[in-house]
Amino acid sequence: GSDAADGIRAMADAGARTIAQSEDTCVIYGMPKRAVETGGVDEVADLDDVAGAIVGGEA
């Protein structure tokens, strides 16, 4: 999980908008949790809301 978390942090630092899956809809929350902990996640969304967050810009 930390290699992906480092990657999402780098993306955020480069100006990308980032979304992580919510703990409520994860089977295992390890990778999204680590990404959120890095401060590189702009938005946390339930799995069913991620596509809408990407397309519409908000969860």
# chains A, B, ... in the order shown; residues from 1 in each chain; ligands from 1

call {"tool": "select_by_dssp", "arguments": {"residues": "chain A", "states": "helix (DSSP H, G or I)", "output": "PyMOL selection string"}}
result
chain A and resi 2-13+23-25+30-37+47-56

call {"tool": "residues_around", "arguments": {"residues": "stretch 17-19 of chain A", "least_positions_apart": "4", "cutoff": "8 Å", "atoms": "only C-alpha atoms", "output": "PDB file with C-alpha atoms, in the first residue's frame"}}
result
ATOM      1  CA  ILE A   8      -0.885   9.268  -5.243  1.00  0.00           C
ATOM      2  CA  MET A  11       0.259  12.914  -8.374  1.00  0.00           C
ATOM      3  CA  ALA A  12      -1.386  15.336  -5.941  1.00  0.00           C
ATOM      4  CA  GLY A  40      -2.476  13.249  -1.091  1.00  0.00           C
ATOM      5  CA  VAL A  41      -6.190  12.479  -1.401  1.00  0.00           C
ATOM      6  CA  ASP A  42      -8.588  15.263  -2.336  1.00  0.00           C
ATOM      7  CA  GLU A  43     -11.765  13.246  -1.955  1.00  0.00           C
ATOM      8  CA  VAL A  44     -12.936   9.992  -0.371  1.00  0.00           C
ATOM      9  CA  ALA A  45     -15.928   8.324  -2.029  1.00  0.00           C
ATOM     10  CA  VAL A  50     -16.224   6.983  -7.587  1.00  0.00           C
ATOM     11  CA  ALA A  53     -16.814  11.795  -8.722  1.00  0.00           C
TER      12      ALA A  53
END

call {"tool": "closest_residue", "arguments": {"among": "A:Met31, A:Ala14, A:Cys26, A:Val36", "to": "A:Asp48", "atoms": "only C-alpha atoms"}}
result
A:Cys26

call {"tool": "select_by_dssp", "arguments": {"residues": "chain A", "states": "strand (DSSP E or B)", "output": "list in words"}}
result
Ile19, Ala20, Gln21, Glu43, Val44 and Ala45 of chain A

call {"tool": "closest_residue", "arguments": {"among": "A:Asp3, A:Ala10, A:Ser22, A:Gly15", "to": "A:Asp46", "atoms": "only C-alpha atoms"}}
result
A:Ser22
